[in-house]
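Asks: Pasting in a structure now, in C-alpha cells, and then I'll have a few things to ask.
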Amino acid sequence: MYSLLKRLYTVSHPPKPEKESDPLRFGVLGAANIAPTALILAVRSHPGADVVAVAARNEQKARTFAQKHGIKGVYYGPTGYQELISDPNIDAIYNPLPNGLHFEWTAKALAAGKHVLLEKPSTDSSEETRILFQLAASKGLILLEAFHYRFHPAFRRLAEIVKGGELGKVKAVKSALAIPRGMFGDDDIRFDFDLGGGSLMDMGVYPISAVRFLASAEPTSVLTATHTPHRDRRIDRGAQATFAFPNDVTAEIECDMQVPWRLGIIPRWPNIHITVQLEGGEASLDIFPAPYIYHSVTVTPKNGKKRVEKAYKPKEGAGEDWWTTYRYQLEAFVDKVKGRTPHEWISAEDSINQMKAVELVYEKLGLPLRPKSNHLA
C-alpha cells in the first residue's frame, strides 16, 4: 500500500530536474483539460523539454491557464493559434483541439516548420491522416499520434507475452473502454458531429488501436457492429464491433461514454481491459489506458500455473515506476526529434490504418463518416 501511495503521489508531484541548455520547446494549442495531464506534468520531469506558450480563443482562459501552469507565452483571440505556431521560439506543437480541428491546425503547424504531438484520433478520416504524414515527411518533421498507452511498460509487457510465442498464436482479442454516465453530459463537445464527435472517435479508438496492434495485422472486414445512438442520431454514444483479421483471428471492441446506471441509481464500474486468447492460454491487461495508476498483466496458460505481473518500469532504458503513459510517450517524442532511437513509436502507416479501421466500423453501422476539414494542406 505504501509503494502504491508513494507512486501515485509522485505521479502528481514529479521531481523537477534542471532543464538542459536547449530543451525542446512546446507550444500548446488550446487550453484543453487534457493538456496538464498529457503534456505539462510530463514535461515537468523531463530535462529536455519545456512548455513555453499556450494559445486559446478566449483571452482570460489563456491567461488563467498560463498562470496556473507557469507558462510564459500567451496568445489569444482569432489569430492566437496562428501566432503560436508562427512563434520562432517554439520547436513543437501539442494539438489537443477537438477532433475536427486536428487536420487544419496540424497542417498549419507543419507548414510553419514545427514538430507535432497530435492527440488521437489523428484526424476525421484516413485520407486526412495520410496527407498530414506526407506533409511531415516532406518537411523532415516529426508527427506522432498520441496513443500514449502504447509507450508504457505494462502494455509493452503484454505485447511481449502475446508476440513472444510462449502461448502460441493469437486466436481472438477483446478490448473495451466504457465508462458510466456522468463524466460527459449530452452537450459535451465529444458528441458534436461537426467536430468529429462520437464514442468510436473518442474512446473507441483505444480498443481499436489495441486489438490491431496485438493481432499484428489489419482487419479485413467488420463482421458485426451495433451502436447506441446519441440524441443526434448521427452520433454513437456507445458501440460494439467484431473485426475479422487474417488467419481466422477475430477481435471484439466495445466503447461507451454514458453507460446507464443500474436501476438508474447505482453507477456501473468502468469496463476497461484487453484480453488476448491464444492457442496455449490467455493474457490480459486491465486499465490499459492508465496502467501507471494500477494494473495487472495476467497470464493464464492452459497447461500451467496462472501468474500476475506488474510492469511500471522497463527492464532496460529510461523510466521510473511513477512515470505515466504520457511521460513515457514524451520521452519517445523528444528522443525522435533529437535524432535518438525511441523505445517505442507509432508509424505513419499505423495511424493511417487506424482511421481506416474506424471508418470500417462506421460504414458497417450505417452512420455517416465524420465531416472532412475545409482546410487544404
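Residue names in the C-alpha cells use chain letters A, B, ... in the order shown, residue numbers from 1 in each chain, and ligand numbers from 1 in the order shown.
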Taking 4 positions as the minimum chain separation for residues in the same chain, which residues sit within 12 Å of A:Ile142 when counting only C-alpha atoms? Answer as a PyMOL selection string.
Replies: chain A and resi 91-94+106+109-110+113-118+132-138+332-339+345-348
Asks: So that I have them on file, write out the residues from the current selection with N, CA, C and O atoms, as a short mmCIF file (atom, residue, chain, number, x, y, z; two decimals), in the first residue's frame.
Replies:
```
data_model
loop_
_atom_site.label_atom_id
_atom_site.label_comp_id
_atom_site.auth_asym_id
_atom_site.auth_seq_id
_atom_site.Cartn_x
_atom_site.Cartn_y
_atom_site.Cartn_z
N ASP A 91 9.51 25.00 -30.88
CA ASP A 91 10.01 23.91 -31.73
C ASP A 91 8.92 22.91 -32.10
O ASP A 91 8.95 22.32 -33.17
N ALA A 92 7.98 22.69 -31.16
CA ALA A 92 6.97 21.64 -31.35
C ALA A 92 5.61 22.12 -30.84
O ALA A 92 5.54 22.90 -29.90
N ILE A 93 4.58 21.61 -31.47
CA ILE A 93 3.21 21.95 -31.10
C ILE A 93 2.51 20.72 -30.53
O ILE A 93 2.61 19.62 -31.10
N TYR A 94 1.82 20.92 -29.42
CA TYR A 94 0.93 19.88 -28.90
C TYR A 94 -0.48 20.29 -29.28
O TYR A 94 -0.94 21.38 -28.93
N THR A 106 -2.86 21.05 -37.40
CA THR A 106 -1.63 20.27 -37.52
C THR A 106 -0.96 20.58 -38.86
O THR A 106 0.26 20.72 -38.93
N ALA A 109 0.70 23.89 -38.49
CA ALA A 109 1.90 23.79 -37.66
C ALA A 109 3.05 23.18 -38.44
O ALA A 109 4.19 23.65 -38.36
N LEU A 110 2.77 22.13 -39.19
CA LEU A 110 3.81 21.50 -40.01
C LEU A 110 4.31 22.47 -41.08
O LEU A 110 5.51 22.56 -41.35
N GLY A 113 6.88 24.66 -39.93
CA GLY A 113 8.15 24.04 -39.56
C GLY A 113 8.21 23.47 -38.16
O GLY A 113 9.30 23.27 -37.61
N LYS A 114 7.03 23.18 -37.57
CA LYS A 114 7.00 22.67 -36.20
C LYS A 114 6.75 21.15 -36.20
O LYS A 114 5.96 20.64 -36.98
N HIS A 115 7.41 20.47 -35.28
CA HIS A 115 7.07 19.09 -34.99
C HIS A 115 5.72 19.10 -34.28
O HIS A 115 5.36 20.09 -33.64
N VAL A 116 4.97 17.99 -34.36
CA VAL A 116 3.64 17.98 -33.76
C VAL A 116 3.39 16.68 -32.99
O VAL A 116 3.56 15.58 -33.53
N LEU A 117 2.98 16.86 -31.74
CA LEU A 117 2.42 15.78 -30.94
C LEU A 117 0.92 15.96 -31.01
O LEU A 117 0.36 16.92 -30.47
N LEU A 118 0.25 15.03 -31.69
CA LEU A 118 -1.15 15.19 -32.07
C LEU A 118 -2.04 14.23 -31.29
O LEU A 118 -1.85 13.01 -31.35
N LEU A 132 -1.39 14.50 -43.77
CA LEU A 132 -0.57 15.09 -42.72
C LEU A 132 0.79 14.42 -42.63
O LEU A 132 1.82 15.09 -42.51
N PHE A 133 0.81 13.10 -42.67
CA PHE A 133 2.09 12.41 -42.55
C PHE A 133 2.96 12.62 -43.80
O PHE A 133 4.19 12.66 -43.70
N GLN A 134 2.34 12.75 -44.95
CA GLN A 134 3.10 13.08 -46.16
C GLN A 134 3.72 14.47 -46.03
O GLN A 134 4.88 14.69 -46.41
N LEU A 135 2.96 15.40 -45.48
CA LEU A 135 3.46 16.76 -45.29
C LEU A 135 4.62 16.77 -44.30
O LEU A 135 5.65 17.42 -44.54
N ALA A 136 4.47 16.05 -43.21
CA ALA A 136 5.54 15.98 -42.21
C ALA A 136 6.81 15.39 -42.81
O ALA A 136 7.91 15.92 -42.61
N ALA A 137 6.65 14.30 -43.57
CA ALA A 137 7.81 13.65 -44.19
C ALA A 137 8.50 14.57 -45.18
O ALA A 137 9.74 14.63 -45.25
N SER A 138 7.71 15.32 -45.94
CA SER A 138 8.29 16.21 -46.96
C SER A 138 9.10 17.34 -46.35
O SER A 138 10.00 17.89 -46.99
N ALA A 332 9.82 9.33 -25.71
CA ALA A 332 9.98 8.84 -27.08
C ALA A 332 9.93 9.99 -28.09
O ALA A 332 10.72 10.04 -29.04
N PHE A 333 9.01 10.93 -27.88
CA PHE A 333 8.86 12.05 -28.81
C PHE A 333 10.12 12.91 -28.83
O PHE A 333 10.64 13.26 -29.90
N VAL A 334 10.62 13.26 -27.65
CA VAL A 334 11.84 14.07 -27.57
C VAL A 334 13.02 13.33 -28.19
O VAL A 334 13.81 13.91 -28.94
N ASP A 335 13.13 12.03 -27.89
CA ASP A 335 14.22 11.24 -28.48
C ASP A 335 14.15 11.29 -30.00
O ASP A 335 15.18 11.46 -30.68
N LYS A 336 12.95 11.13 -30.55
CA LYS A 336 12.79 11.11 -32.01
C LYS A 336 13.19 12.45 -32.62
O LYS A 336 13.91 12.50 -33.62
N VAL A 337 12.74 13.54 -32.01
CA VAL A 337 13.07 14.87 -32.52
C VAL A 337 14.57 15.13 -32.43
O VAL A 337 15.17 15.72 -33.34
N LYS A 338 15.19 14.64 -31.36
CA LYS A 338 16.62 14.87 -31.14
C LYS A 338 17.51 13.90 -31.93
O LYS A 338 18.72 13.95 -31.82
N GLY A 339 16.89 13.03 -32.72
CA GLY A 339 17.67 12.12 -33.54
C GLY A 339 18.09 10.84 -32.85
O GLY A 339 18.89 10.07 -33.38
N TRP A 345 7.44 3.48 -30.93
CA TRP A 345 6.98 4.51 -31.85
C TRP A 345 5.71 4.06 -32.56
O TRP A 345 5.44 2.86 -32.66
N ILE A 346 4.93 5.03 -33.00
CA ILE A 346 3.72 4.77 -33.78
C ILE A 346 3.94 5.36 -35.16
O ILE A 346 4.11 6.57 -35.30
N SER A 347 3.95 4.51 -36.15
CA SER A 347 4.32 4.94 -37.50
C SER A 347 3.17 5.65 -38.21
O SER A 347 2.01 5.59 -37.79
N ALA A 348 3.52 6.29 -39.32
CA ALA A 348 2.51 6.93 -40.16
C ALA A 348 1.52 5.88 -40.67
O ALA A 348 0.30 6.09 -40.65
#
```
Asks: Which parts of stretch 267-351 of chain A does DSSP call helix (DSSP H, G or I) when run on the backbone here, written out as a list in words?
Replies: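 Taking stretch 267-351 of chain A and keeping helix (DSSP H, G or I) gives Thr325, Tyr326, Arg327, Tyr328, Gln329, Leu330, Glu331, Ala332, Phe333, Val334, Asp335, Lys336, Val337, Ala348, Glu349, Asp350 and Ser351 of chain A.
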Asks: Keeping N, CA and C atoms for every residue in the selection just given, could you write it to a file as a PDB file, in the first residue's frame?
Replies:
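Output saved as selection.pdb:
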```pdb
ATOM      1  N   THR A 325       1.933   7.078 -18.621  1.00  0.00           N
ATOM      2  CA  THR A 325       1.965   6.743 -20.047  1.00  0.00           C
ATOM      3  C   THR A 325       2.409   7.954 -20.866  1.00  0.00           C
ATOM      4  N   TYR A 326       1.977   9.137 -20.437  1.00  0.00           N
ATOM      5  CA  TYR A 326       2.310  10.374 -21.145  1.00  0.00           C
ATOM      6  C   TYR A 326       3.795  10.720 -20.994  1.00  0.00           C
ATOM      7  N   ARG A 327       4.346  10.402 -19.835  1.00  0.00           N
ATOM      8  CA  ARG A 327       5.776  10.677 -19.628  1.00  0.00           C
ATOM      9  C   ARG A 327       6.637   9.763 -20.492  1.00  0.00           C
ATOM     10  N   TYR A 328       6.240   8.492 -20.603  1.00  0.00           N
ATOM     11  CA  TYR A 328       6.960   7.578 -21.499  1.00  0.00           C
ATOM     12  C   TYR A 328       6.806   8.029 -22.951  1.00  0.00           C
ATOM     13  N   GLN A 329       5.620   8.495 -23.312  1.00  0.00           N
ATOM     14  CA  GLN A 329       5.386   8.995 -24.661  1.00  0.00           C
ATOM     15  C   GLN A 329       6.256  10.210 -24.947  1.00  0.00           C
ATOM     16  N   LEU A 330       6.328  11.123 -23.984  1.00  0.00           N
ATOM     17  CA  LEU A 330       7.146  12.325 -24.158  1.00  0.00           C
ATOM     18  C   LEU A 330       8.611  11.946 -24.342  1.00  0.00           C
ATOM     19  N   GLU A 331       9.077  10.980 -23.575  1.00  0.00           N
ATOM     20  CA  GLU A 331      10.462  10.522 -23.712  1.00  0.00           C
ATOM     21  C   GLU A 331      10.740  10.087 -25.139  1.00  0.00           C
ATOM     22  N   ALA A 332       9.820   9.328 -25.710  1.00  0.00           N
ATOM     23  CA  ALA A 332       9.979   8.845 -27.082  1.00  0.00           C
ATOM     24  C   ALA A 332       9.928   9.987 -28.087  1.00  0.00           C
ATOM     25  N   PHE A 333       9.011  10.928 -27.885  1.00  0.00           N
ATOM     26  CA  PHE A 333       8.864  12.048 -28.814  1.00  0.00           C
ATOM     27  C   PHE A 333      10.123  12.912 -28.830  1.00  0.00           C
ATOM     28  N   VAL A 334      10.622  13.256 -27.655  1.00  0.00           N
ATOM     29  CA  VAL A 334      11.836  14.072 -27.575  1.00  0.00           C
ATOM     30  C   VAL A 334      13.016  13.326 -28.190  1.00  0.00           C
ATOM     31  N   ASP A 335      13.132  12.033 -27.887  1.00  0.00           N
ATOM     32  CA  ASP A 335      14.216  11.240 -28.475  1.00  0.00           C
ATOM     33  C   ASP A 335      14.153  11.288 -29.998  1.00  0.00           C
ATOM     34  N   LYS A 336      12.955  11.129 -30.547  1.00  0.00           N
ATOM     35  CA  LYS A 336      12.794  11.107 -32.007  1.00  0.00           C
ATOM     36  C   LYS A 336      13.189  12.452 -32.617  1.00  0.00           C
ATOM     37  N   VAL A 337      12.740  13.538 -32.012  1.00  0.00           N
ATOM     38  CA  VAL A 337      13.069  14.868 -32.524  1.00  0.00           C
ATOM     39  C   VAL A 337      14.572  15.126 -32.433  1.00  0.00           C
ATOM     40  N   ALA A 348       3.518   6.286 -39.318  1.00  0.00           N
ATOM     41  CA  ALA A 348       2.511   6.925 -40.158  1.00  0.00           C
ATOM     42  C   ALA A 348       1.519   5.884 -40.670  1.00  0.00           C
ATOM     43  N   GLU A 349       2.039   4.745 -41.120  1.00  0.00           N
ATOM     44  CA  GLU A 349       1.185   3.677 -41.630  1.00  0.00           C
ATOM     45  C   GLU A 349       0.206   3.200 -40.564  1.00  0.00           C
ATOM     46  N   ASP A 350       0.685   3.086 -39.330  1.00  0.00           N
ATOM     47  CA  ASP A 350      -0.166   2.659 -38.221  1.00  0.00           C
ATOM     48  C   ASP A 350      -1.324   3.639 -38.034  1.00  0.00           C
ATOM     49  N   SER A 351      -1.022   4.938 -38.014  1.00  0.00           N
ATOM     50  CA  SER A 351      -2.062   5.946 -37.804  1.00  0.00           C
ATOM     51  C   SER A 351      -3.062   5.987 -38.955  1.00  0.00           C
TER      52      SER A 351
END
```
Asks: When you look at A:Phe65 with a cut-off of 12 Å (counting only C-alpha atoms), what residues show up, excluding the ones that are within fewer than 3 positions of it in the same chain? I need them as an mmCIF file with C-alpha atoms, in the first residue's frame.
Replies:
```
data_model
loop_
_atom_site.group_PDB
_atom_site.id
_atom_site.type_symbol
_atom_site.label_atom_id
_atom_site.label_comp_id
_atom_site.auth_asym_id
_atom_site.auth_seq_id
_atom_site.Cartn_x
_atom_site.Cartn_y
_atom_site.Cartn_z
ATOM 1 C CA VAL A 28 0.022 24.202 -26.640
ATOM 2 C CA LEU A 29 -2.914 24.795 -28.985
ATOM 3 C CA GLY A 30 -5.987 25.401 -26.844
ATOM 4 C CA ALA A 31 -6.278 25.377 -23.068
ATOM 5 C CA ALA A 32 -7.740 21.863 -23.138
ATOM 6 C CA ASN A 33 -8.479 19.926 -19.968
ATOM 7 C CA ALA A 35 -3.157 19.247 -21.637
ATOM 8 C CA PRO A 36 -1.948 19.370 -17.996
ATOM 9 C CA ILE A 40 2.572 19.757 -18.872
ATOM 10 C CA ALA A 53 3.488 29.126 -24.691
ATOM 11 C CA VAL A 54 -0.233 28.452 -24.898
ATOM 12 C CA ALA A 55 -2.950 29.785 -27.188
ATOM 13 C CA ALA A 56 -6.708 29.920 -26.616
ATOM 14 C CA ASN A 58 -10.558 33.399 -25.031
ATOM 15 C CA GLU A 59 -8.020 35.802 -23.502
ATOM 16 C CA GLN A 60 -8.987 35.180 -19.894
ATOM 17 C CA LYS A 61 -8.904 31.425 -20.370
ATOM 18 C CA ALA A 62 -5.464 31.614 -21.968
ATOM 19 C CA LYS A 68 -1.743 28.205 -13.308
ATOM 20 C CA HIS A 69 0.867 26.153 -15.118
ATOM 21 C CA GLY A 70 3.769 28.590 -15.157
ATOM 22 C CA ILE A 71 3.728 29.208 -18.905
ATOM 23 C CA LYS A 72 5.288 32.488 -20.013
ATOM 24 C CA GLY A 73 3.954 32.863 -23.555
ATOM 25 C CA VAL A 74 0.255 33.644 -24.045
ATOM 26 C CA TYR A 75 -1.640 34.031 -27.309
ATOM 27 C CA TYR A 76 -5.378 34.583 -27.681
#
```
Asks: Quote the spacing between atom CA of A:Gln277 and atom CA of A:Val173 in Å to one decimal place.
Replies: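 Separating atom CA of A:Gln277 from atom CA of A:Val173 is a distance of 6.1 Å.
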Asks: Report as a PyMOL selection string all protein, DNA and RNA residues lying within 7 Å of A:Val170, evaluated on only C-alpha atoms, omitting residues in the same chain fewer than 4 positions from it.
Replies: chain A and resi 215+249+277-279
Asks: So that I can check the surroundings of A:His227, please list as a ChimeraX atom specification every protein, DNA and RNA residue that reaches within 9 Å of it, counting only C-alpha atoms and ignoring chain neighbours fewer than 2 positions away.
Replies: /A:225,229,236-241,365
Asks: Which neighbours of A:Leu158 fall inside 12 Å, counting only C-alpha atoms, when residues of the same chain fewer than 3 positions from it are skipped, and could you give them as a ChimeraX atom specification?
Replies: /A:149-155,161-167,210-211,213-214,273-276,282-286,288,291,295-299,308-311
